[in-house]
Structures are given as C-alpha cells and as structure tokens.
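The data block below is run.pdb; it holds PDB, C-alpha atoms.
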ATOM      1  CA  MET A   1     -24.677  24.155   1.492
ATOM      2  CA  THR A   2     -21.055  23.317   2.264
ATOM      3  CA  ALA A   3     -19.435  20.744  -0.013
ATOM      4  CA  ALA A   4     -18.428  17.471   1.658
ATOM      5  CA  PRO A   5     -14.696  17.217   2.346
ATOM      6  CA  ARG A   6     -12.676  15.267  -0.208
ATOM      7  CA  ILE A   7     -10.737  12.507   1.555
ATOM      8  CA  ASP A   8      -8.131  10.212  -0.081
ATOM      9  CA  LEU A   9      -6.794   7.594   2.340
ATOM     10  CA  HIS A  10      -4.233   5.668   0.273
ATOM     11  CA  THR A  11      -1.196   7.343  -1.347
ATOM     12  CA  HIS A  12       2.508   6.624  -1.769
ATOM     13  CA  SER A  13       5.609   8.812  -1.802
ATOM     14  CA  THR A  14       9.306   8.237  -2.458
ATOM     15  CA  ALA A  15       9.493   6.799   1.070
ATOM     16  CA  SER A  16       8.346   3.633  -0.721
ATOM     17  CA  ASP A  17       7.446   3.314  -4.416
ATOM     18  CA  GLY A  18       5.829   6.640  -5.303
ATOM     19  CA  THR A  19       7.495   9.236  -7.495
ATOM     20  CA  LEU A  20       6.691  12.366  -5.439
ATOM     21  CA  SER A  21       8.557  13.162  -2.235
ATOM     22  CA  PRO A  22       6.378  13.353   0.891
ATOM     23  CA  ALA A  23       6.514  17.165   0.701
ATOM     24  CA  GLU A  24       5.569  17.137  -2.998
ATOM     25  CA  LEU A  25       2.791  14.646  -2.289
ATOM     26  CA  VAL A  26       0.998  16.802   0.282
ATOM     27  CA  ARG A  27       1.331  19.860  -1.952
ATOM     28  CA  ALA A  28      -0.095  17.871  -4.874
ATOM     29  CA  ALA A  29      -2.960  16.692  -2.645
ATOM     30  CA  ALA A  30      -3.848  20.289  -1.829
ATOM     31  CA  ASP A  31      -3.592  21.252  -5.513
ATOM     32  CA  ALA A  32      -5.940  18.354  -6.348
ATOM     33  CA  GLY A  33      -8.569  19.863  -4.055
ATOM     34  CA  LEU A  34      -8.300  17.316  -1.279
ATOM     35  CA  ASP A  35      -9.169  18.224   2.302
ATOM     36  CA  VAL A  36      -7.664  15.088   3.874
ATOM     37  CA  VAL A  37      -4.879  12.842   2.573
ATOM     38  CA  ALA A  38      -3.287   9.740   4.081
ATOM     39  CA  VAL A  39       0.368   8.954   3.404
ATOM     40  CA  THR A  40       0.533   5.146   3.411
ATOM     41  CA  ASP A  41       3.946   4.056   2.188
ATOM     42  CA  HIS A  42       4.798   0.367   2.125
ATOM     43  CA  ASP A  43       6.006  -0.936   5.495
ATOM     44  CA  THR A  44       7.466   2.390   6.613
ATOM     45  CA  THR A  45       6.709   5.641   8.419
ATOM     46  CA  ALA A  46       9.795   7.333   6.918
ATOM     47  CA  GLY A  47       7.749   9.929   5.025
ATOM     48  CA  TRP A  48       5.676  11.142   7.970
ATOM     49  CA  GLU A  49       7.939  13.903   9.277
ATOM     50  CA  ALA A  50       8.576  15.510   5.887
ATOM     51  CA  ALA A  51       4.854  15.379   5.040
ATOM     52  CA  VAL A  52       3.960  17.098   8.311
ATOM     53  CA  GLY A  53       6.640  19.738   7.756
ATOM     54  CA  ALA A  54       5.344  20.610   4.286
ATOM     55  CA  LEU A  55       1.613  20.425   5.012
ATOM     56  CA  PRO A  56      -0.171  23.195   3.065
ATOM     57  CA  PRO A  57      -2.882  25.317   4.709
ATOM     58  CA  GLY A  58      -6.304  23.703   4.737
ATOM     59  CA  LEU A  59      -5.063  20.128   4.341
ATOM     60  CA  THR A  60      -5.292  17.462   7.062
ATOM     61  CA  LEU A  61      -2.732  14.648   7.073
ATOM     62  CA  ILE A  62      -3.486  11.101   8.199
ATOM     63  CA  ARG A  63      -0.272   9.274   8.981
ATOM     64  CA  GLY A  64      -0.328   5.621   8.023
ATOM     65  CA  ALA A  65       1.365   2.751   6.216
ATOM     66  CA  GLU A  66       0.462  -0.106   3.887
ATOM     67  CA  LEU A  67       1.630  -3.364   5.432
ATOM     68  CA  SER A  68       2.752  -6.315   3.311
ATOM     69  CA  CYS A  69       0.779  -9.248   4.683
ATOM     70  CA  ARG A  70       0.046 -12.862   3.824
ATOM     71  CA  TRP A  71      -2.639 -15.348   4.712
ATOM     72  CA  PHE A  72      -1.105 -18.747   5.357
ATOM     73  CA  GLY A  73      -4.405 -20.662   5.483
ATOM     74  CA  VAL A  74      -3.945 -21.979   1.934
ATOM     75  CA  GLU A  75      -1.001 -23.292  -0.071
ATOM     76  CA  PRO A  76       0.534 -21.285  -1.603
ATOM     77  CA  ALA A  77      -0.213 -18.479   0.863
ATOM     78  CA  ILE A  78      -2.087 -15.456  -0.491
ATOM     79  CA  PRO A  79      -0.436 -12.012  -0.293
ATOM     80  CA  LEU A  80      -2.605  -9.078   0.741
ATOM     81  CA  HIS A  81      -2.185  -5.498   1.906
ATOM     82  CA  LEU A  82      -3.376  -3.917   5.123
ATOM     83  CA  LEU A  83      -3.728  -0.144   5.424
ATOM     84  CA  ALA A  84      -2.854   0.962   8.952
ATOM     85  CA  TYR A  85      -3.921   4.434  10.079
ATOM     86  CA  LEU A  86      -2.861   6.651  12.995
ATOM     87  CA  PHE A  87      -0.756   4.058  14.830
ATOM     88  CA  ASP A  88       2.065   4.844  17.244
ATOM     89  CA  PRO A  89       5.244   4.695  15.092
ATOM     90  CA  ALA A  90       7.364   3.876  18.148
ATOM     91  CA  GLU A  91       5.469   0.738  19.244
ATOM     92  CA  PRO A  92       8.385  -1.742  19.562
ATOM     93  CA  GLU A  93       6.827  -4.925  18.145
ATOM     94  CA  LEU A  94       5.403  -3.181  15.101
ATOM     95  CA  VAL A  95       8.658  -1.279  14.524
ATOM     96  CA  ALA A  96      10.619  -4.542  14.588
ATOM     97  CA  GLU A  97       8.228  -6.296  12.218
ATOM     98  CA  LEU A  98       8.279  -3.465   9.695
ATOM     99  CA  ALA A  99      12.092  -3.354   9.802
ATOM    100  CA  ARG A 100      12.194  -7.104   9.123
ATOM    101  CA  VAL A 101       9.867  -6.775   6.133
ATOM    102  CA  ARG A 102      11.806  -3.832   4.661
ATOM    103  CA  LEU A 103      15.117  -5.713   4.923
ATOM    104  CA  ALA A 104      13.581  -8.799   3.312
ATOM    105  CA  ARG A 105      12.132  -6.650   0.516
ATOM    106  CA  GLU A 106      15.577  -5.182  -0.179
ATOM    107  CA  GLU A 107      17.213  -8.630  -0.176
ATOM    108  CA  ARG A 108      14.547  -9.884  -2.584
ATOM    109  CA  GLY A 109      15.174  -6.914  -4.889
ATOM    110  CA  GLU A 110      18.877  -7.692  -5.024
ATOM    111  CA  ARG A 111      18.155 -11.366  -5.813
ATOM    112  CA  ILE A 112      15.812 -10.338  -8.667
ATOM    113  CA  VAL A 113      18.530  -8.095 -10.084
ATOM    114  CA  ARG A 114      21.024 -10.977  -9.947
ATOM    115  CA  LEU A 115      18.557 -13.158 -11.896
ATOM    116  CA  LEU A 116      18.194 -10.447 -14.535
ATOM    117  CA  GLN A 117      21.970 -10.001 -14.752
ATOM    118  CA  ALA A 118      22.469 -13.776 -15.105
ATOM    119  CA  ASP A 119      20.311 -13.577 -18.242
ATOM    120  CA  GLY A 120      22.502 -10.816 -19.647
ATOM    121  CA  ILE A 121      20.162  -7.953 -18.765
ATOM    122  CA  ASP A 122      22.086  -4.791 -17.975
ATOM    123  CA  VAL A 123      20.637  -3.487 -14.715
ATOM    124  CA  SER A 124      22.585  -2.145 -11.746
ATOM    125  CA  TRP A 125      21.641  -2.817  -8.129
ATOM    126  CA  PRO A 126      23.515   0.286  -6.809
ATOM    127  CA  GLU A 127      21.643   2.398  -9.381
ATOM    128  CA  ILE A 128      18.304   0.913  -8.293
ATOM    129  CA  LEU A 129      19.122   1.577  -4.633
ATOM    130  CA  ALA A 130      20.024   5.163  -5.521
ATOM    131  CA  GLY A 131      16.734   5.495  -7.393
ATOM    132  CA  ALA A 132      14.864   4.422  -4.271
ATOM    133  CA  ALA A 133      16.484   7.399  -2.492
ATOM    134  CA  GLY A 134      16.407   5.670   0.879
ATOM    135  CA  GLY A 135      12.801   4.549   0.496
ATOM    136  CA  THR A 136      11.527   1.000   0.824
ATOM    137  CA  VAL A 137      12.835  -0.818  -2.272
ATOM    138  CA  GLY A 138      10.210  -2.566  -4.375
ATOM    139  CA  ARG A 139       9.640  -4.010  -7.826
ATOM    140  CA  PRO A 140       8.604  -0.570  -9.185
ATOM    141  CA  HIS A 141      12.195   0.585  -8.654
ATOM    142  CA  ILE A 142      13.468  -2.380 -10.712
ATOM    143  CA  ALA A 143      10.791  -1.609 -13.295
ATOM    144  CA  GLN A 144      12.233   1.910 -13.643
ATOM    145  CA  ALA A 145      15.670   0.400 -14.321
ATOM    146  CA  LEU A 146      14.160  -1.788 -17.067
ATOM    147  CA  ILE A 147      12.506   1.307 -18.573
ATOM    148  CA  ARG A 148      15.791   3.255 -18.438
ATOM    149  CA  ALA A 149      17.511   0.334 -20.208
ATOM    150  CA  GLY A 150      14.924   0.496 -22.984
ATOM    151  CA  LEU A 151      13.737  -3.058 -22.315
ATOM    152  CA  VAL A 152      10.131  -2.100 -21.519
ATOM    153  CA  ALA A 153       8.126   1.035 -22.152
ATOM    154  CA  THR A 154       5.996   1.217 -19.012
ATOM    155  CA  THR A 155       5.739  -0.010 -15.429
ATOM    156  CA  THR A 156       2.720  -2.075 -16.496
ATOM    157  CA  GLU A 157       4.813  -3.858 -19.128
ATOM    158  CA  ALA A 158       7.596  -4.440 -16.578
ATOM    159  CA  PHE A 159       5.054  -6.143 -14.310
ATOM    160  CA  GLY A 160       3.988  -8.486 -17.132
ATOM    161  CA  PRO A 161       4.728 -12.243 -17.150
ATOM    162  CA  ASP A 162       7.941 -11.911 -19.213
ATOM    163  CA  TRP A 163       9.461  -9.687 -16.571
ATOM    164  CA  LEU A 164       8.700  -8.939 -12.916
ATOM    165  CA  GLY A 165       5.193 -10.437 -12.941
ATOM    166  CA  GLU A 166       6.326 -14.017 -13.382
ATOM    167  CA  ARG A 167       9.670 -14.846 -14.951
ATOM    168  CA  TYR A 168      11.697 -12.679 -12.573
ATOM    169  CA  ARG A 169       9.302 -12.658  -9.648
ATOM    170  CA  LEU A 170      10.427 -13.937  -6.263
ATOM    171  CA  PRO A 171       8.332 -14.285  -3.097
ATOM    172  CA  LYS A 172       8.898 -11.781  -0.313
ATOM    173  CA  GLU A 173       8.680 -11.993   3.441
ATOM    174  CA  ASP A 174       5.331 -10.730   4.665
ATOM    175  CA  ILE A 175       3.536 -10.418   8.004
ATOM    176  CA  ASP A 176       0.874 -12.968   8.896
ATOM    177  CA  VAL A 177      -2.305 -10.954   8.403
ATOM    178  CA  PHE A 178      -3.793 -11.840  11.795
ATOM    179  CA  ARG A 179      -0.551 -10.791  13.490
ATOM    180  CA  ALA A 180      -0.580  -7.561  11.485
ATOM    181  CA  VAL A 181      -4.127  -6.700  12.608
ATOM    182  CA  ALA A 182      -3.151  -7.381  16.223
ATOM    183  CA  LEU A 183       0.052  -5.311  15.974
ATOM    184  CA  VAL A 184      -1.763  -2.334  14.432
ATOM    185  CA  ARG A 185      -4.470  -2.447  17.104
ATOM    186  CA  ALA A 186      -1.859  -2.771  19.877
ATOM    187  CA  ALA A 187      -0.164   0.346  18.480
ATOM    188  CA  GLY A 188      -3.431   2.288  18.681
ATOM    189  CA  GLY A 189      -3.984   2.119  14.927
ATOM    190  CA  VAL A 190      -6.933   1.308  12.702
ATOM    191  CA  PRO A 191      -6.485  -1.551  10.162
ATOM    192  CA  VAL A 192      -8.335  -1.501   6.822
ATOM    193  CA  PHE A 193      -8.025  -4.225   4.173
ATOM    194  CA  ALA A 194      -6.707  -2.673   0.919
ATOM    195  CA  HIS A 195      -8.418  -3.586  -2.404
ATOM    196  CA  PRO A 196      -9.719  -6.926  -1.026
ATOM    197  CA  ARG A 197     -11.571  -8.057  -4.176
ATOM    198  CA  ALA A 198      -9.100  -6.924  -6.857
ATOM    199  CA  THR A 199      -9.090 -10.121  -8.919
ATOM    200  CA  ARG A 200      -7.071  -8.383 -11.641
ATOM    201  CA  ARG A 201      -4.145  -8.310  -9.183
ATOM    202  CA  GLY A 202      -4.230 -12.095  -8.716
ATOM    203  CA  ARG A 203      -5.707 -14.426  -6.137
ATOM    204  CA  ILE A 204      -8.012 -12.965  -3.517
ATOM    205  CA  VAL A 205      -9.030 -14.275  -0.108
ATOM    206  CA  SER A 206     -12.472 -15.594   0.667
ATOM    207  CA  ASP A 207     -15.233 -13.662   2.402
ATOM    208  CA  GLU A 208     -14.923 -16.207   5.210
ATOM    209  CA  LEU A 209     -11.406 -14.985   5.960
ATOM    210  CA  ILE A 210     -12.638 -11.376   6.082
ATOM    211  CA  VAL A 211     -15.283 -12.480   8.594
ATOM    212  CA  GLU A 212     -12.473 -13.954  10.729
ATOM    213  CA  LEU A 213     -10.347 -10.829  10.356
ATOM    214  CA  ALA A 214     -13.291  -8.642  11.414
ATOM    215  CA  ALA A 215     -13.622 -10.743  14.558
ATOM    216  CA  ALA A 216      -9.865 -10.295  15.128
ATOM    217  CA  GLY A 217     -10.021  -6.493  14.933
ATOM    218  CA  LEU A 218     -10.133  -5.494  11.249
ATOM    219  CA  ALA A 219     -11.920  -2.130  11.100
ATOM    220  CA  GLY A 220     -12.745  -1.647   7.445
ATOM    221  CA  LEU A 221     -12.552  -2.536   3.768
ATOM    222  CA  GLU A 222     -11.328  -0.403   0.866
ATOM    223  CA  ALA A 223     -14.126  -0.581  -1.727
ATOM    224  CA  ASP A 224     -13.604   2.236  -4.222
ATOM    225  CA  HIS A 225     -10.255   1.521  -5.886
ATOM    226  CA  GLU A 226      -9.113   1.533  -9.507
ATOM    227  CA  ASP A 227      -8.492  -2.229  -9.446
ATOM    228  CA  HIS A 228     -12.053  -3.052  -8.358
ATOM    229  CA  SER A 229     -14.752  -3.535 -10.967
ATOM    230  CA  PRO A 230     -18.189  -2.047 -10.203
ATOM    231  CA  ALA A 231     -19.378  -5.519  -9.163
ATOM    232  CA  GLU A 232     -16.369  -5.978  -6.868
ATOM    233  CA  ARG A 233     -17.001  -2.585  -5.243
ATOM    234  CA  ALA A 234     -20.621  -3.506  -4.642
ATOM    235  CA  HIS A 235     -19.615  -6.842  -3.137
ATOM    236  CA  VAL A 236     -17.163  -5.162  -0.748
ATOM    237  CA  ARG A 237     -19.803  -2.666   0.361
ATOM    238  CA  GLY A 238     -22.311  -5.435   0.993
ATOM    239  CA  LEU A 239     -19.830  -7.477   3.006
ATOM    240  CA  ALA A 240     -18.800  -4.438   5.050
ATOM    241  CA  ALA A 241     -22.450  -3.694   5.828
ATOM    242  CA  GLU A 242     -23.007  -7.284   6.987
ATOM    243  CA  LEU A 243     -19.965  -7.161   9.263
ATOM    244  CA  GLY A 244     -20.334  -3.601  10.540
ATOM    245  CA  LEU A 245     -17.042  -2.564   8.946
ATOM    246  CA  LEU A 246     -16.327   0.927   7.639
ATOM    247  CA  VAL A 247     -15.776   1.439   3.895
ATOM    248  CA  THR A 248     -13.058   3.579   2.315
ATOM    249  CA  GLY A 249     -12.298   4.831  -1.166
ATOM    250  CA  SER A 250      -8.830   5.862  -2.278
ATOM    251  CA  SER A 251      -6.631   6.575  -5.265
ATOM    252  CA  ASP A 252      -3.656   4.373  -4.303
ATOM    253  CA  PHE A 253      -1.658   7.151  -5.933
ATOM    254  CA  HIS A 254       1.952   6.351  -6.893
ATOM    255  CA  GLY A 255       2.817   9.403  -9.024
ATOM    256  CA  THR A 256       3.982   8.539 -12.540
ATOM    257  CA  HIS A 257       4.240   4.813 -11.716
ATOM    258  CA  LYS A 258       0.462   4.659 -12.232
ATOM    259  CA  THR A 259      -2.029   6.676 -14.264
ATOM    260  CA  VAL A 260      -4.538   7.121 -11.417
ATOM    261  CA  ARG A 261      -4.784  10.657 -10.048
ATOM    262  CA  LEU A 262      -5.045  11.921  -6.472
ATOM    263  CA  GLY A 263      -8.663  12.004  -5.373
ATOM    264  CA  ALA A 264      -9.768   9.609  -8.145
ATOM    265  CA  HIS A 265     -11.680   7.761  -5.405
ATOM    266  CA  THR A 266     -12.549   9.214  -2.015
ATOM    267  CA  THR A 267     -13.806   8.197   1.417
ATOM    268  CA  ASP A 268     -17.112   9.235   2.934
ATOM    269  CA  PRO A 269     -16.626  11.711   5.827
ATOM    270  CA  GLU A 270     -18.549   9.423   8.202
ATOM    271  CA  ALA A 271     -16.125   6.545   7.585
ATOM    272  CA  TYR A 272     -13.207   8.933   8.065
ATOM    273  CA  GLU A 273     -14.635  10.090  11.400
ATOM    274  CA  ARG A 274     -14.949   6.456  12.490
ATOM    275  CA  ILE A 275     -11.254   5.914  11.764
ATOM    276  CA  VAL A 276     -10.224   8.997  13.726
ATOM    277  CA  ALA A 277     -12.477   8.039  16.664
ATOM    278  CA  ALA A 278     -11.084   4.488  16.790
ATOM    279  CA  ALA A 279      -7.414   5.561  16.789
ATOM    280  CA  SER A 280      -5.310   6.157  19.876
ATOM    281  CA  GLY A 281      -1.783   6.076  18.425
ATOM    282  CA  VAL A 282      -1.320   9.473  16.785
ATOM    283  CA  THR A 283      -3.832  12.114  15.760
ATOM    284  CA  PRO A 284      -4.545  13.723  12.379
ATOM    285  CA  VAL A 285      -2.337  16.725  11.655
ATOM    286  CA  ALA A 286      -4.260  19.773  10.460
ATOM    287  CA  SER A 287      -2.633  22.767   8.872
ATOM    288  CA  GLY A 288      -4.232  26.147   9.486
TER     289      GLY A 288
END
Please rewrite the model in this file as structure tokens.
Amino acid sequence: MTAAPRIDLHTHSTASDGTLSPAELVRAAADAGLDVVAVTDHDTTAGWEAAVGALPPGLTLIRGAELSCRWFGVEPAIPLHLLAYLFDPAEPELVAELARVRLAREERGERIVRLLQADGIDVSWPEILAGAAGGTVGRPHIAQALIRAGLVATTTEAFGPDWLGERYRLPKEDIDVFRAVALVRAAGGVPVFAHPRATRRGRIVSDELIVELAAAGLAGLEADHEDHSPAERAHVRGLAAELGLLVTGSSDFHGTHKTVRLGAHTTDPEAYERIVAAASGVTPVASG
C-alpha cells in the first residue's frame, strides 16, 4: 500500500519573515520528506521564482501568500490572516493591494524602531532592512535586532508585552477580509483562513463571521496548527464540516524564528485536491 503524500501548505522564507531562502526552503521540504509544500510569504509573491528554480525532484510546489487582513465589524478591528493559494500574481487589483500593505508594514517597522531609539535602545533601521534582505519587513526582523543587541534571548521574548507584543507594538495597515477573499477569488486563487481559533495569539473572530466569509467565497479553514489546542482543532473541523469548507493542516514554518518543524502538521490529500481543482490562477509546479 502506497503511503499518503505528505502535504504542508503554510511556510515562510526570507521573502517575508522566514530564515531560509526560497531555494533553501524547498530543499528543506524535500529533506523533511514532504511531497507537496506551499510557499506562503506575507503579502508577497517575491519568493515564487526562486522556489520554482530550486525545486528538488519529487517535490510539488504550491505558490501562495499569507495576506494580512482585518475584520472591521468590531472596535477595535480584529487582525486575521488569509492563506491564498494558486492565484494569478499579475492580477492588477491584488498586486496593488499587496504593494500597499508591504509599504505600510515597512513604514510601521521604521516607526517602531524610532520608538525603541527614543527610549535609548540601540537598534538600527538600516541594519534591520539589510537583515530582511529585500523581503517583506515584519516584527520578527526587529526581534532579531533586539536579540543581536543582547536585550532579549528569543523571538518569543521579543514578542512579549515589554517589547514588540505591547509596549512597542503599533497597528499596521491590513486588507478588509471580505475584500481580500474577493480579490483572491478574482485572481483565480483559493482563500483559506489561517489558524482561525488560535486564542493564544489574541482575539479571534466569531463563528458567525466565518459563516459570512464562507458565503462570500472562503474555501477552507486551517485546523491543524501549532497554535491550536486539541479542542480548537476539533471546533474548526466541526465548523468546516457544517459549512462544507475544506480543512488544512500546516507547520507555519519560519525557520529558526520558531521551533516548529516542516511537516509538523499536514493536509489530507483530498483537501489538497479540492484546492487544486478550485484554482484557475496558476497551477502546482511538479519537479520530475
């Protein structure tokens, strides 16, 4: 009996806030025994070409992105992440929106650094930009600067309330989640709600909103994720079954920024096939 393919649909490279380059990421995915991996950097497709060029034999690449979204139905609005798979990277409206979000993220990063500097903390914005190596700048890059300065020991500590989690946290520009779902669908992509019940990350949206998003074109929910408790995973699966949504499982791998390993959680092949069948933007890339 042939073993089921191992499919990880949520990973990050240096094109956003991972520590492996896109080429290193696909090689690591193959070494981890994966059959399918999705590259889903934050608000960018910048890693796609390099990942395709370095694809090892036997590995299939799903090109995607993780979109920074917000639901404005409550005050303050709730941030959330939308995984977008196999969309057309040249669709003009989506391209423009992602460029806007990336610029806003960079401006926010520079403002956070100025706040740190005003408190006498020795961090350098040019050094942080260089560390991002042209990728989408995020708080993990500032966290690395705090680690280099000896102010914190880990990324987790840097994201605590004394640092980037609260004291030096600033809001960022995000995409209205309903607009994001519509843009992904218009670009031939498949939108899946990332870690929707991860209460350890902060506030979560209600099931009622997910019902509305499903009616608006949301295709699936990410259930198996390191930030979901067993009860939260079960809840997501139950909700997906009620709404006819597909369910994914993923590592949300960031390299050394997180302890989770590639393939720590995986997606059922049937759900993967549903994603591929629903997409009309770009196709999976298979290496021989």
Given only C-alpha atoms, how would the per-residue table for region 88-182 of chain A near region 215-234 of chain A read, listing every residue at most 12 Å away with its closest atom pair and distance in Å to one decimal, sorted by chain and number, as JSON lines?
{"residue": "A:Val177", "atom": "CA", "partner": "A:Leu218", "partner_atom": "CA", "distance": 10.0}
{"residue": "A:Phe178", "atom": "CA", "partner": "A:Ala216", "partner_atom": "CA", "distance": 7.1}
{"residue": "A:Arg179", "atom": "CA", "partner": "A:Ala216", "partner_atom": "CA", "distance": 9.5}
{"residue": "A:Ala180", "atom": "CA", "partner": "A:Leu218", "partner_atom": "CA", "distance": 9.8}
{"residue": "A:Val181", "atom": "CA", "partner": "A:Leu218", "partner_atom": "CA", "distance": 6.3}
{"residue": "A:Ala182", "atom": "CA", "partner": "A:Gly217", "partner_atom": "CA", "distance": 7.0}
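Residues having any atom no farther than 6 Å from (-8.3, 2.0, 17.5) (counting only C-alpha atoms) are Arg185, Gly188, Gly189, Val190, Ala278, Ala279 and Ser280 of chain A.
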Filtering to C-alpha atoms, could you give me those residues as an mmCIF file, in the frame of the given file?
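The resulting file, out38.cif, is shown below:
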data_model
loop_
_atom_site.group_PDB
_atom_site.id
_atom_site.type_symbol
_atom_site.label_atom_id
_atom_site.label_comp_id
_atom_site.auth_asym_id
_atom_site.auth_seq_id
_atom_site.Cartn_x
_atom_site.Cartn_y
_atom_site.Cartn_z
ATOM 1 C CA ARG A 185 -4.470 -2.447 17.104
ATOM 2 C CA GLY A 188 -3.431 2.288 18.681
ATOM 3 C CA GLY A 189 -3.984 2.119 14.927
ATOM 4 C CA VAL A 190 -6.933 1.308 12.702
ATOM 5 C CA ALA A 278 -11.084 4.488 16.790
ATOM 6 C CA ALA A 279 -7.414 5.561 16.789
ATOM 7 C CA SER A 280 -5.310 6.157 19.876
#
Note to self: What's around Pro22 (chain A) at 12 Å? Count all atoms listed in the file, leave out sequence neighbours fewer than 6 positions away in its own chain, and write the answer as JSON, numbers by chain.
What the structure shows: {"A": [11, 12, 13, 14, 15, 16, 28, 29, 37, 38, 39, 40, 41, 45, 46, 47, 48, 49, 50, 51, 52, 53, 54, 55, 61, 63, 135, 254, 255]}
Could those selected residues go to a file with C-alpha atoms, as a short mmCIF file (atom, residue, chain, number, x, y, z; two decimals), in the coordinates of the input?
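Generated output (part-v6.cif):
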data_model
loop_
_atom_site.label_atom_id
_atom_site.label_comp_id
_atom_site.auth_asym_id
_atom_site.auth_seq_id
_atom_site.Cartn_x
_atom_site.Cartn_y
_atom_site.Cartn_z
CA THR A 11 -1.20 7.34 -1.35
CA HIS A 12 2.51 6.62 -1.77
CA SER A 13 5.61 8.81 -1.80
CA THR A 14 9.31 8.24 -2.46
CA ALA A 15 9.49 6.80 1.07
CA SER A 16 8.35 3.63 -0.72
CA ALA A 28 -0.10 17.87 -4.87
CA ALA A 29 -2.96 16.69 -2.64
CA VAL A 37 -4.88 12.84 2.57
CA ALA A 38 -3.29 9.74 4.08
CA VAL A 39 0.37 8.95 3.40
CA THR A 40 0.53 5.15 3.41
CA ASP A 41 3.95 4.06 2.19
CA THR A 45 6.71 5.64 8.42
CA ALA A 46 9.80 7.33 6.92
CA GLY A 47 7.75 9.93 5.03
CA TRP A 48 5.68 11.14 7.97
CA GLU A 49 7.94 13.90 9.28
CA ALA A 50 8.58 15.51 5.89
CA ALA A 51 4.85 15.38 5.04
CA VAL A 52 3.96 17.10 8.31
CA GLY A 53 6.64 19.74 7.76
CA ALA A 54 5.34 20.61 4.29
CA LEU A 55 1.61 20.42 5.01
CA LEU A 61 -2.73 14.65 7.07
CA ARG A 63 -0.27 9.27 8.98
CA GLY A 135 12.80 4.55 0.50
CA HIS A 254 1.95 6.35 -6.89
CA GLY A 255 2.82 9.40 -9.02
#
Item checked: Close residues, Gly33 (chain A) itself excluded, 10 Å, only C-alpha atoms, min 3 positions apart in chain, as a PyMOL selection string -> chain A and resi 5-7+28-30+36+58-59+262-263
Residue selection dump (C-alpha atoms) as a PDB file, in the frame of the given file:
ATOM      1  CA  PRO A   5     -14.696  17.217   2.346  1.00  0.00           C
ATOM      2  CA  ARG A   6     -12.676  15.267  -0.208  1.00  0.00           C
ATOM      3  CA  ILE A   7     -10.737  12.507   1.555  1.00  0.00           C
ATOM      4  CA  ALA A  28      -0.095  17.871  -4.874  1.00  0.00           C
ATOM      5  CA  ALA A  29      -2.960  16.692  -2.645  1.00  0.00           C
ATOM      6  CA  ALA A  30      -3.848  20.289  -1.829  1.00  0.00           C
ATOM      7  CA  VAL A  36      -7.664  15.088   3.874  1.00  0.00           C
ATOM      8  CA  GLY A  58      -6.304  23.703   4.737  1.00  0.00           C
ATOM      9  CA  LEU A  59      -5.063  20.128   4.341  1.00  0.00           C
ATOM     10  CA  LEU A 262      -5.045  11.921  -6.472  1.00  0.00           C
ATOM     11  CA  GLY A 263      -8.663  12.004  -5.373  1.00  0.00           C
TER      12      GLY A 263
END
Notebook entry, point to check: Could you name the residues that touch Val205 (chain A) at 8 Å or less, counting only C-alpha atoms, but leaving out those on the same chain fewer than 6 positions away, as a list of chain:residue names?
Noted result: A:Ile78, A:Pro196, A:Arg197
Residue subset to file, keeping C-alpha atoms, as a PDB file, in the frame of the given file:
ATOM      1  CA  ILE A  78      -2.087 -15.456  -0.491  1.00  0.00           C
ATOM      2  CA  PRO A 196      -9.719  -6.926  -1.026  1.00  0.00           C
ATOM      3  CA  ARG A 197     -11.571  -8.057  -4.176  1.00  0.00           C
TER       4      ARG A 197
END
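Distances here use all atoms listed in the file; by that measure, the residue among A:Ala118, A:Leu80, A:Ile128, A:Ala3 closest to Asp176 (chain A) is A:Leu80.
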Residues picked by the PyMOL selection byres ((chain A and resi 249) around 8) here, as a PDB file with C-alpha atoms, in the coordinates of the input?
ATOM      1  CA  ASP A   8      -8.131  10.212  -0.081  1.00  0.00           C
ATOM      2  CA  LEU A   9      -6.794   7.594   2.340  1.00  0.00           C
ATOM      3  CA  GLU A 222     -11.328  -0.403   0.866  1.00  0.00           C
ATOM      4  CA  ALA A 223     -14.126  -0.581  -1.727  1.00  0.00           C
ATOM      5  CA  ASP A 224     -13.604   2.236  -4.222  1.00  0.00           C
ATOM      6  CA  HIS A 225     -10.255   1.521  -5.886  1.00  0.00           C
ATOM      7  CA  VAL A 247     -15.776   1.439   3.895  1.00  0.00           C
ATOM      8  CA  THR A 248     -13.058   3.579   2.315  1.00  0.00           C
ATOM      9  CA  SER A 250      -8.830   5.862  -2.278  1.00  0.00           C
ATOM     10  CA  SER A 251      -6.631   6.575  -5.265  1.00  0.00           C
ATOM     11  CA  HIS A 265     -11.680   7.761  -5.405  1.00  0.00           C
ATOM     12  CA  THR A 266     -12.549   9.214  -2.015  1.00  0.00           C
ATOM     13  CA  THR A 267     -13.806   8.197   1.417  1.00  0.00           C
ATOM     14  CA  ASP A 268     -17.112   9.235   2.934  1.00  0.00           C
TER      15      ASP A 268
END
Item checked: Within 10 Å of Leu67 (chain A) using all atoms listed in the file, minus same-chain residues under 4 positions, as a ChimeraX atom specification -> /A:40-44,80-84,97-98,101,174-175,177,180-181,184,191,193-194
Item checked: Answer as a ChimeraX atom specification, residues within 8 Å of (-4.2, 19.9, 12.2) using all atoms listed in the file -> /A:59-61,284-288
Notebook entry, point to check: Within 9 Å of His257 (chain A), counting all atoms listed in the file, which residues qualify if same-chain residues fewer than 3 places away don't, as JSON, numbers by chain?
Noted result: {"A": [17, 18, 19, 140, 144, 154, 155, 156, 253, 254]}
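The smallest atom-to-atom distance between Glu107 (chain A) and any of A:Val152, A:Leu129, A:Ala90, A:Leu239, using only C-alpha atoms, is found for A:Leu129.
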